[in-house]
Each structure stands twice: as C-alpha cells, then as structure tokens.
>>> print(open('my_file-v1.txt').read())   # compact mmCIF, C-alpha atoms and all ligand atoms
# COMPACT_ATOMS: atom_id res chain seq x y z
CA MET A 1 8.42 102.26 -68.34
CA THR A 2 12.00 102.50 -69.43
CA ASP A 3 12.05 102.37 -73.20
CA SER A 4 12.84 106.05 -73.80
CA LEU A 5 16.06 105.78 -71.79
CA LEU A 6 17.99 103.99 -74.51
CA GLN A 7 18.32 104.77 -78.14
CA LEU A 8 19.40 101.87 -80.29
CA THR A 9 22.56 102.93 -82.12
CA GLU A 10 23.88 99.65 -83.52
CA ARG A 11 22.75 96.04 -83.58
CA HIS A 12 24.89 93.13 -84.80
CA VAL A 13 23.94 89.46 -85.09
CA ASP A 14 26.29 86.53 -85.62
CA ASP A 15 25.65 83.11 -87.19
CA GLU A 16 24.76 81.55 -83.82
CA GLY A 17 22.18 84.21 -83.06
CA THR A 18 24.25 86.14 -80.52
CA VAL A 19 23.21 89.79 -80.75
CA LYS A 20 25.22 92.78 -79.64
CA TYR A 21 23.41 96.07 -79.03
CA LEU A 22 24.99 99.49 -78.71
CA TRP A 23 22.74 102.04 -77.01
CA THR A 24 23.06 105.81 -76.62
CA LEU A 25 21.92 107.28 -73.30
CA HIS A 26 20.33 110.70 -72.72
CA ASP A 27 23.75 112.29 -72.02
CA GLY A 28 25.36 110.86 -75.14
CA ARG A 29 27.23 108.12 -73.27
CA ARG A 30 26.98 104.69 -74.83
CA VAL A 31 26.67 101.18 -73.43
CA GLU A 32 26.49 97.68 -74.78
CA THR A 33 24.23 94.70 -74.09
CA VAL A 34 24.58 91.15 -75.38
CA PHE A 35 21.84 88.62 -76.06
CA PHE A 36 23.06 85.04 -76.24
CA SER A 37 21.43 81.71 -76.68
CA HIS A 38 22.71 78.95 -74.46
CA HIS A 39 21.76 75.25 -74.63
CA ALA A 40 19.69 75.82 -71.47
CA GLY A 41 17.87 78.87 -72.86
CA PRO A 42 18.26 82.52 -73.75
CA GLY A 43 20.21 85.02 -71.69
CA GLN A 44 21.27 88.62 -71.52
CA CYS A 45 24.44 90.30 -70.36
CA LEU A 46 23.71 93.83 -69.11
CA SER A 47 26.03 96.75 -68.41
CA THR A 48 26.08 98.58 -65.07
CA GLN A 49 28.42 101.48 -65.92
CA THR A 50 29.29 103.43 -69.06
CA GLY A 51 32.97 102.54 -68.79
CA CYS A 52 35.08 101.07 -66.05
CA ALA A 53 37.67 102.45 -63.69
CA VAL A 54 38.98 99.01 -62.76
CA GLY A 55 41.18 99.14 -65.82
CA CYS A 56 41.69 95.47 -66.72
CA THR A 57 44.46 95.38 -69.30
CA PHE A 58 42.60 92.87 -71.50
CA CYS A 59 39.26 94.72 -71.56
CA ALA A 60 38.06 97.29 -74.07
CA THR A 61 35.65 98.83 -71.55
CA ALA A 62 38.64 100.02 -69.53
CA LEU A 63 39.35 102.45 -72.40
CA GLN A 64 36.05 104.23 -71.74
CA ARG A 65 36.75 106.86 -69.09
CA PRO A 66 35.43 108.36 -67.01
CA ALA A 67 32.84 105.80 -66.16
CA ARG A 68 29.44 106.85 -64.94
CA ASN A 69 27.09 104.63 -62.98
CA LEU A 70 23.98 103.55 -64.80
CA THR A 71 20.76 104.13 -62.90
CA ALA A 72 18.65 101.11 -61.98
CA ASP A 73 16.21 102.25 -64.70
CA GLU A 74 18.99 102.27 -67.30
CA ILE A 75 20.13 98.79 -66.30
CA VAL A 76 16.61 97.35 -66.43
CA ALA A 77 15.87 99.21 -69.68
CA GLN A 78 18.51 97.13 -71.45
CA ALA A 79 16.64 93.95 -70.52
CA VAL A 80 13.30 95.46 -71.55
CA GLU A 81 14.64 96.54 -74.93
CA VAL A 82 16.33 93.21 -75.66
CA ASP A 83 13.13 91.40 -74.69
CA ARG A 84 11.15 93.64 -77.02
CA ASP A 85 13.58 93.05 -79.88
CA CYS A 86 13.45 89.26 -79.38
CA ARG A 87 9.65 89.23 -79.34
CA GLU A 88 9.54 91.35 -82.49
CA ARG A 89 11.67 88.67 -84.12
CA GLY A 90 9.10 86.05 -83.10
CA MET A 91 11.20 84.49 -80.35
CA GLU A 92 9.76 82.98 -77.21
CA VAL A 93 11.81 84.35 -74.38
CA PRO A 94 11.36 82.64 -71.08
CA TRP A 95 14.63 84.19 -69.83
CA ARG A 96 17.03 81.73 -68.21
CA PHE A 97 20.04 83.93 -67.62
CA VAL A 98 20.38 87.57 -66.72
CA THR A 99 23.86 88.56 -65.80
CA LEU A 100 25.22 91.95 -64.80
CA SER A 101 28.57 91.27 -66.38
CA GLY A 102 28.72 93.71 -69.25
CA MET A 103 30.46 97.07 -69.12
CA GLY A 104 31.40 98.20 -65.63
CA GLU A 105 32.10 96.86 -62.16
CA PRO A 106 28.65 96.20 -60.68
CA LEU A 107 29.81 96.33 -57.07
CA LEU A 108 31.11 99.88 -57.62
CA ASN A 109 27.54 100.77 -58.58
CA TYR A 110 26.20 98.80 -55.68
CA ASP A 111 22.79 100.31 -54.89
CA ASN A 112 21.66 100.53 -58.50
CA THR A 113 22.88 97.01 -59.23
CA LEU A 114 20.93 95.65 -56.30
CA GLU A 115 17.80 97.63 -57.13
CA ALA A 116 17.99 96.52 -60.77
CA SER A 117 18.42 92.90 -59.64
CA ARG A 118 15.26 93.11 -57.53
CA ARG A 119 13.30 94.49 -60.47
CA LEU A 120 14.77 91.95 -62.90
CA TYR A 121 13.64 89.09 -60.64
CA GLU A 122 10.13 90.51 -60.58
CA TRP A 123 9.96 91.33 -64.25
CA THR A 124 11.55 88.22 -65.77
CA GLY A 125 10.52 85.66 -63.14
CA ILE A 126 14.05 84.36 -63.47
CA GLU A 127 15.54 82.14 -60.75
CA VAL A 128 18.95 83.74 -60.47
CA VAL A 129 20.38 87.10 -61.46
CA SER A 130 24.16 87.02 -61.43
CA ALA A 131 26.84 89.68 -61.29
CA THR A 132 30.55 89.56 -61.99
CA THR A 133 33.00 91.44 -59.80
CA SER A 134 36.70 92.03 -60.12
CA GLY A 135 36.83 91.55 -56.35
CA VAL A 136 35.58 94.57 -54.38
CA VAL A 137 36.04 92.87 -51.02
CA PRO A 138 33.89 95.02 -48.66
CA ARG A 139 30.98 94.89 -51.11
CA ILE A 140 31.20 91.09 -51.36
CA TYR A 141 30.69 90.90 -47.57
CA ARG A 142 27.82 93.36 -47.84
CA LEU A 143 26.16 91.49 -50.71
CA ALA A 144 26.28 88.28 -48.69
CA GLU A 145 23.89 89.86 -46.17
CA GLU A 146 21.32 91.28 -48.61
CA GLU A 147 17.79 90.00 -48.75
CA THR A 148 18.03 89.82 -52.54
CA TYR A 149 20.25 87.01 -53.71
CA VAL A 150 22.65 87.84 -56.52
CA GLN A 151 24.79 84.97 -57.72
CA LEU A 152 28.38 86.00 -57.36
CA HIS A 153 30.96 85.54 -60.10
CA VAL A 154 34.47 86.57 -59.13
CA SER A 155 36.93 87.31 -61.90
CA LEU A 156 40.10 85.79 -60.53
CA HIS A 157 42.04 85.18 -63.76
CA ALA A 158 45.28 84.43 -61.91
CA THR A 159 46.70 82.34 -59.09
CA LEU A 160 49.54 84.69 -58.19
CA ASN A 161 49.04 88.28 -57.06
CA GLU A 162 51.82 89.46 -59.32
CA THR A 163 50.12 88.01 -62.40
CA ARG A 164 46.74 89.31 -61.29
CA ARG A 165 48.09 92.84 -60.91
CA GLN A 166 49.26 92.74 -64.51
CA LEU A 167 45.75 91.85 -65.63
CA ILE A 168 43.73 93.94 -63.15
CA PRO A 169 46.07 96.74 -62.03
CA THR A 170 43.63 98.70 -59.89
CA THR A 171 42.84 95.79 -57.61
CA ARG A 172 46.17 96.08 -55.79
CA LYS A 173 44.18 96.88 -52.69
CA TRP A 174 42.92 93.34 -52.24
CA GLY A 175 45.01 90.27 -52.87
CA ILE A 176 43.78 86.91 -54.08
CA GLU A 177 43.52 85.48 -50.57
CA GLU A 178 41.37 88.38 -49.30
CA ILE A 179 39.07 88.12 -52.30
CA LEU A 180 38.71 84.39 -51.84
CA GLU A 181 38.12 84.75 -48.10
CA ALA A 182 35.26 87.18 -48.81
CA SER A 183 33.96 84.76 -51.45
CA ARG A 184 34.11 81.83 -49.01
CA HIS A 185 32.09 83.91 -46.57
CA PHE A 186 29.57 84.66 -49.31
CA ALA A 187 29.26 80.99 -50.29
CA ARG A 188 28.81 79.82 -46.69
CA THR A 189 26.33 82.58 -45.86
CA ARG A 190 24.17 81.98 -48.93
CA GLY A 191 24.64 78.23 -49.13
CA ARG A 192 25.54 78.50 -52.84
CA ARG A 193 28.85 78.13 -54.59
CA VAL A 194 30.62 81.22 -55.88
CA ILE A 195 31.64 81.05 -59.51
CA VAL A 196 35.30 81.79 -60.15
CA ASN A 197 35.81 83.17 -63.64
CA TYR A 198 39.19 82.35 -65.10
CA LEU A 199 39.99 83.94 -68.43
CA LEU A 200 42.83 82.01 -70.03
CA PHE A 201 45.64 83.83 -71.83
CA GLU A 202 48.43 82.06 -73.61
CA SER A 203 51.68 82.03 -71.59
CA VAL A 204 50.19 84.27 -68.89
CA ASN A 205 48.02 82.07 -66.67
CA ASP A 206 47.51 78.82 -68.57
CA ALA A 207 50.36 76.69 -67.18
CA ILE A 208 49.89 73.38 -65.42
CA GLU A 209 51.27 75.11 -62.29
CA ASP A 210 48.41 77.62 -62.51
CA ALA A 211 45.89 74.78 -62.57
CA HIS A 212 47.53 73.20 -59.52
CA ARG A 213 47.58 76.48 -57.62
CA LEU A 214 43.90 77.01 -58.47
CA ILE A 215 43.15 73.57 -57.07
CA ASP A 216 44.97 74.48 -53.84
CA LEU A 217 43.12 77.78 -53.54
CA LEU A 218 39.56 76.61 -54.15
CA ASP A 219 37.44 74.42 -51.93
CA PRO A 220 35.16 72.37 -54.22
CA ALA A 221 32.31 72.75 -51.74
CA LEU A 222 32.39 76.54 -52.06
CA PHE A 223 33.57 77.26 -55.59
CA GLU A 224 32.87 76.34 -59.18
CA VAL A 225 35.21 77.41 -61.99
CA HIS A 226 34.20 78.85 -65.34
CA LEU A 227 37.06 78.80 -67.83
CA LEU A 228 36.68 81.53 -70.42
CA LEU A 229 38.29 82.27 -73.74
CA TRP A 230 39.28 85.81 -74.52
CA ASN A 231 37.79 87.49 -77.60
CA GLU A 232 40.80 89.04 -79.31
CA ILE A 233 40.92 92.83 -79.50
CA PRO A 234 43.22 94.42 -82.07
CA GLY A 235 46.11 96.25 -80.43
CA PHE A 236 45.88 94.31 -77.16
CA ASP A 237 48.96 92.37 -76.21
CA PHE A 238 47.33 89.02 -75.31
CA ARG A 239 46.76 85.77 -77.15
CA ARG A 240 43.72 83.55 -76.99
CA ILE A 241 44.52 79.91 -76.21
CA GLY A 242 43.26 76.93 -78.18
CA ASP A 243 40.28 74.73 -77.25
CA GLU A 244 42.55 71.77 -76.59
CA ARG A 245 44.51 73.66 -73.99
CA VAL A 246 41.28 74.70 -72.26
CA HIS A 247 40.19 71.08 -72.26
CA ASP A 248 43.46 69.97 -70.62
CA PHE A 249 43.30 72.73 -68.01
CA ARG A 250 39.74 71.77 -67.17
CA GLU A 251 40.63 68.09 -66.87
CA LEU A 252 43.19 68.90 -64.20
CA LEU A 253 40.59 70.82 -62.19
CA THR A 254 37.85 68.22 -62.49
CA GLU A 255 40.21 65.35 -61.65
CA ALA A 256 40.94 67.20 -58.41
CA GLY A 257 37.21 67.33 -57.61
CA LEU A 258 36.46 70.91 -58.65
CA MET A 259 33.35 71.60 -60.68
CA ALA A 260 34.76 73.29 -63.79
CA LYS A 261 33.16 74.28 -67.08
CA ALA A 262 34.74 75.51 -70.27
CA MET A 263 32.31 78.24 -71.26
CA PRO A 264 31.46 78.54 -74.95
CA SER A 265 32.88 81.60 -76.59
CA LYS A 266 30.09 83.75 -77.99
CA GLY A 267 29.98 86.51 -80.55
CA ARG A 268 33.62 86.51 -81.53
CA GLU A 269 32.95 88.02 -84.94
CA ILE A 270 30.58 90.72 -83.68
CA GLN A 271 32.96 92.15 -81.06
CA ALA A 272 30.88 90.70 -78.23
CA GLY A 273 33.76 91.05 -75.78
CA CYS A 274 32.95 93.58 -73.10
CA GLY A 275 33.20 97.16 -74.43
CA GLN A 276 34.76 96.02 -77.65
CA LEU A 277 32.26 97.43 -80.09
CA LEU A 278 32.21 100.79 -78.36
CA ALA A 279 36.02 100.94 -78.23
CA GLU A 280 36.15 100.44 -81.98
CA ARG A 281 33.61 103.20 -82.55
CA SER A 282 35.51 105.56 -80.26
CA ALA A 283 38.91 104.90 -81.85
S1 LIG B 301 36.73 93.31 -67.28
FE1 LIG B 301 35.03 94.14 -66.10
S2 LIG B 301 36.03 95.01 -64.27
FE2 LIG B 301 37.65 94.76 -65.80
S3 LIG B 301 37.75 96.76 -66.88
FE3 LIG B 301 36.36 95.39 -68.05
S4 LIG B 301 34.32 95.92 -67.29
FE4 LIG B 301 35.81 96.66 -65.77
>>> encode(input="my_file-v1.txt", output="structure tokens", more="lines below")
Ligand code: SF4
Amino acid sequence: MTDSLLQLTERHVDDEGTVKYLWTLHDGRRVETVFFSHHAGPGQCLSTQTGCAVGCTFCATALQRPARNLTADEIVAQAVEVDRDCRERGMEVPWRFVTLSGMGEPLLNYDNTLEASRRLYEWTGIEVVSATTSGVVPRIYRLAEEETYVQLHVSLHATLNETRRQLIPTTRKWGIEEILEASRHFARTRGRRVIVNYLLFESVNDAIEDAHRLIDLLDPALFEVHLLLWNEIPGFDFRRIGDERVHDFRELLTEAGLMAKAMPSKGREIQAGCGQLLAERSA
C-alpha cells in the first residue's frame, strides 16, 4: 500500500545489527528510520517530520529546516519497508517495539501521528506504540483522552528550566513543572507510567544534585526514567558521559524508589542518532 512513498537512499548496518535507513520522499525531502534489536525483541524508530522546529541544541535533526509533517502513509511506510527488508534478510519479525521517536516532534504532527499509531497497532499487532515529545503541553492533555493509547515518553533532559532552555530553546513556553503536571495527568488518566527520557551530558545535567532534583520532581507511581547516552556529533559542543557515571546516576534514582533504566546505546558508528546521517549528507 505504501511502498512507493519511500525510495531507499542509504542503508547502514553496524556490528550489533542496528540498521539505519535514509529514505527520499516524493518531494526530495529525506528522512531516517532505525531498526534495532533489543534483548526483548526487534524494534523500529520511525520519523514523523522531515526536520524539526523544536531546535534541540544536541540534535542533528534540528539542522533540517523547514520541517514538513509526514503523512500517516509516510510514517507507516517506514515500518512496512523496514519489515520488508528484515524479511528479505531471513529475519523473523514479531515486532516488539515501534516508537515514533525519530526525526521530528510527533505531537506537532498530531493527527498524522495518531492515525499512523492506529494503523501500526493493526498492522504489527504490537501491544504498545510509543512516541517521544519534547513537551507540547496542550497536546499531552489531548493525547490522554484519545481512544488510541500511545505510550508517552517525555524528553526532560534537565531538572532546572535554565538548563533545559539551553538544550531545548524553543520550549520556553512550557516549564518543567507544567510539562510534568501534564504528564502526571496523562499517567493518572491512562493508568500507565510516563517515561521520562533523560539524556546525560557531561557537566551539563549529570551532577548528583541533578539526580536529587529528579527524585524530588518525579513520583515513582507515575514515572519511569530512561537514562540515555548521547551519540556524539562532530561540531556539537557536548560530551558523552561514561558508563560508570550513568550507573552511579541510576543507582541514586533506584535507591530513592524510582524505576530507572540505563538504555543501551545503539548504532554509534552508523550515525544512528536522530537526524545525524542526514545532517552529514547535507553538510
Ligand atoms: S531531539 Fe527530537 S524534538 Fe529535539 S530537535 Fe531533535 S527531533 Fe526535534
């Protein structure tokens, strides 16, 4: 149904089997999709826009402007094409994870994200489709009321508004407390925890004080934390922290009763960070 929407432009595989795809759309815009294999099964990370106006200072997708919304067909087509590629390689793919966390802010392409989620549930038979937002507060409230459940990941990345504005400059409109209040509402309404993504950067947000503030901000009944490592991008003024530091940060959170996972870093050598491959090709 959707296979003519995307033309495969590049495909890169790393030693662990993570695959990064670069597609060209009918209007010449390009988007990326990542296939990854997790201990619990295979997953896909799909894009929802061709760039991103949110402008996170650590993200290569932010360099792609102006962003255009992908249609629901274009979002689903990524999953169809990755599935086809996996099957051609002889893989069994009972999909376990489909996440709308690639290029773009899914809640700024709300209707198409929701429609694509509905179709992805039907097509993959998957239990949960998830989406990652930078914190578009009114849309979080709206998503909480939808018939279709989309697991919410909120990219917090900071415990102080000042630090967060340095990382995500265009989210000045909503502060951390407003984003978390909307997320609490979502978690209570849906009866499921919201995942707080926390990307750790050396000397920016990785201090013990940050861990303590995170503990104060997050109710363990409503939130789970995913600690993420940044894939370095040449020319970006951030440093990735070491595994040991992530471990220590996580220990502080779990000792305080928060569910916290250190997420494995995938595809570092194939530019699997969001928008990274495309940024290199556009440079
Ligand atoms: S991290 Fe996500 S929200 Fe931020 S610029 Fe990149 S794609 Fe957009």
>>> closest_atom_pairs(input="my_file-v1.txt", of="chain A", to="ligand LIG 301 (chain B)", cutoff="7 Å", atoms="all atoms listed in the file", output="CSV")
residue,atom,partner,partner_atom,distance
A:Gly51,CA,B:LIG301,S4,6.9
A:Cys52,CA,B:LIG301,FE4,4.5
A:Ala53,CA,B:LIG301,FE4,6.4
A:Val54,CA,B:LIG301,S3,4.9
A:Gly55,CA,B:LIG301,S3,4.3
A:Cys56,CA,B:LIG301,S3,4.1
A:Cys59,CA,B:LIG301,FE3,4.6
A:Ala60,CA,B:LIG301,FE3,6.5
A:Thr61,CA,B:LIG301,FE3,5.0
A:Ala62,CA,B:LIG301,S3,4.3
A:Gly102,CA,B:LIG301,S4,6.3
A:Met103,CA,B:LIG301,S4,4.4
A:Gly104,CA,B:LIG301,S4,4.1
A:Glu105,CA,B:LIG301,S2,4.8
A:Thr133,CA,B:LIG301,S2,6.5
A:Ser134,CA,B:LIG301,S2,5.2
A:Ile168,CA,B:LIG301,FE2,6.7
A:Cys274,CA,B:LIG301,FE3,6.4
>>> closest_atom_pairs(input="my_file-v1.txt", of="segment 3-100 of chain A", to="segment 129-132 of chain A", cutoff="9 Å", atoms="only C-alpha atoms", output="tab-separated table")
residue	atom	partner	partner_atom	distance
A:Phe97	CA	A:Val129	CA	6.9
A:Val98	CA	A:Val129	CA	5.3
A:Thr99	CA	A:Ser130	CA	4.6
A:Leu100	CA	A:Ala131	CA	4.5
>>> atom_distance(input="my_file-v1.txt", atom1="atom CA of Ala182 of chain A", atom2="atom CA of His212 of chain A")
21.5 Å
>>> atom_distance(input="my_file-v1.txt", atom1="atom CA of Asn231 of chain A", atom2="atom CA of Tyr110 of chain A")
27.3 Å
>>> closest_residue(input="my_file-v1.txt", among="A:Leu252, A:Ala79, A:Ile241, A:Val196", to="Ala211 of chain A", atoms="only C-alpha atoms")
A:Leu252
>>> closest_residue(input="my_file-v1.txt", among="A:Met259, A:Ala158, A:Val137, A:Leu214", to="Ile179 of chain A", atoms="all atoms listed in the file")
A:Val137
>>> residues_around(input="my_file-v1.txt", residues="Leu227 of chain A", least_positions_apart="4", cutoff="10 Å", atoms="all atoms listed in the file", output="PyMOL selection string")
chain A and resi 157+196-200+246-247+249-250+260-264
>>> atom_distance(input="my_file-v1.txt", atom1="atom CA of Glu251 of chain A", atom2="atom CA of Thr189 of chain A")
29.3 Å
>>> closest_residue(input="my_file-v1.txt", among="A:Glu10, A:Glu16, A:Glu209, A:Asp243", to="Leu160 of chain A", atoms="all atoms listed in the file")
A:Glu209
>>> residues_around(input="my_file-v1.txt", residues="Gly43 of chain A", least_positions_apart="6", cutoff="9 Å", atoms="only C-alpha atoms", output="mmCIF file with C-alpha atoms, in the frame of the given file")
data_model
loop_
_atom_site.group_PDB
_atom_site.id
_atom_site.type_symbol
_atom_site.label_atom_id
_atom_site.label_comp_id
_atom_site.auth_asym_id
_atom_site.auth_seq_id
_atom_site.Cartn_x
_atom_site.Cartn_y
_atom_site.Cartn_z
ATOM 1 C CA VAL A 34 24.580 91.150 -75.380
ATOM 2 C CA PHE A 35 21.840 88.620 -76.060
ATOM 3 C CA PHE A 36 23.060 85.040 -76.240
ATOM 4 C CA SER A 37 21.430 81.710 -76.680
ATOM 5 C CA VAL A 93 11.810 84.350 -74.380
ATOM 6 C CA TRP A 95 14.630 84.190 -69.830
ATOM 7 C CA ARG A 96 17.030 81.730 -68.210
ATOM 8 C CA PHE A 97 20.040 83.930 -67.620
ATOM 9 C CA VAL A 98 20.380 87.570 -66.720
ATOM 10 C CA THR A 99 23.860 88.560 -65.800
#
>>> closest_residue(input="my_file-v1.txt", among="A:Lys173, A:Arg84, A:Arg184, A:His26", to="Val154 of chain A", atoms="all atoms listed in the file")
A:Arg184
>>> closest_residue(input="my_file-v1.txt", among="A:Leu25, A:Gln151, A:Leu228, A:Lys20", to="Gln7 of chain A", atoms="all atoms listed in the file")
A:Leu25
>>> closest_residue(input="my_file-v1.txt", among="A:Pro138, A:Pro94, A:Pro42, A:Gly175", to="Leu108 of chain A", atoms="all atoms listed in the file")
A:Pro138
>>> residues_near_point(input="my_file-v1.txt", point="(15.6, 95.7, -80.9)", cutoff="8 Å", atoms="all atoms listed in the file", output="compact mmCIF listing (two decimals) with C-alpha atoms, in the coordinates of the input")
# COMPACT_ATOMS: atom_id res chain seq x y z
CA LEU A 8 19.40 101.87 -80.29
CA ARG A 11 22.75 96.04 -83.58
CA GLU A 81 14.64 96.54 -74.93
CA VAL A 82 16.33 93.21 -75.66
CA ASP A 83 13.13 91.40 -74.69
CA ARG A 84 11.15 93.64 -77.02
CA ASP A 85 13.58 93.05 -79.88
CA CYS A 86 13.45 89.26 -79.38
CA GLU A 88 9.54 91.35 -82.49
>>> residues_around(input="my_file-v1.txt", residues="Thr159 of chain A", least_positions_apart="2", cutoff="7 Å", atoms="all atoms listed in the file", output="PyMOL selection string")
chain A and resi 161+210+213-214
>>> write_last_selection(input="my_file-v1.txt", atoms="C-alpha atoms", output="PDB file, keeping the file's coordinate frame")
ATOM      1  CA  ASN A 161      49.040  88.280 -57.060  1.00  0.00           C
ATOM      2  CA  ASP A 210      48.410  77.620 -62.510  1.00  0.00           C
ATOM      3  CA  ARG A 213      47.580  76.480 -57.620  1.00  0.00           C
ATOM      4  CA  LEU A 214      43.900  77.010 -58.470  1.00  0.00           C
TER       5      LEU A 214
END
>>> residues_around(input="my_file-v1.txt", residues="Gly28 of chain A", least_positions_apart="4", cutoff="12 Å", atoms="only C-alpha atoms", output="PyMOL selection string")
chain A and resi 5-9+22-24+50+68
>>> residues_around(input="my_file-v1.txt", residues="Gly191 of chain A", least_positions_apart="5", cutoff="12 Å", atoms="all atoms listed in the file", output="list in words")
Ala144, Tyr149, Gln151, Leu152, Ser183, Arg184, His185, Phe186, Ala221, Leu222 and Phe223 of chain A
>>> residues_near_point(input="my_file-v1.txt", point="(42.2, 86.1, -74.9)", cutoff="10 Å", atoms="all atoms listed in the file", output="list in words")
Phe58, Cys59, Leu199, Leu200, Phe201, Glu202, Leu228, Leu229, Trp230, Asn231, Glu232, Ile233, Phe236, Asp237, Phe238, Arg239, Arg240, Ile241, Gly242 and Gly273 of chain A
>>> axis_aligned_box(input="my_file-v1.txt", around="segment 194-197 of chain A", padding_each_side="5 Å", output="JSON")
{"center_x": 33.2, "center_y": 82.1, "center_z": -59.8, "size_x": 15.2, "size_y": 12.1, "size_z": 17.8}
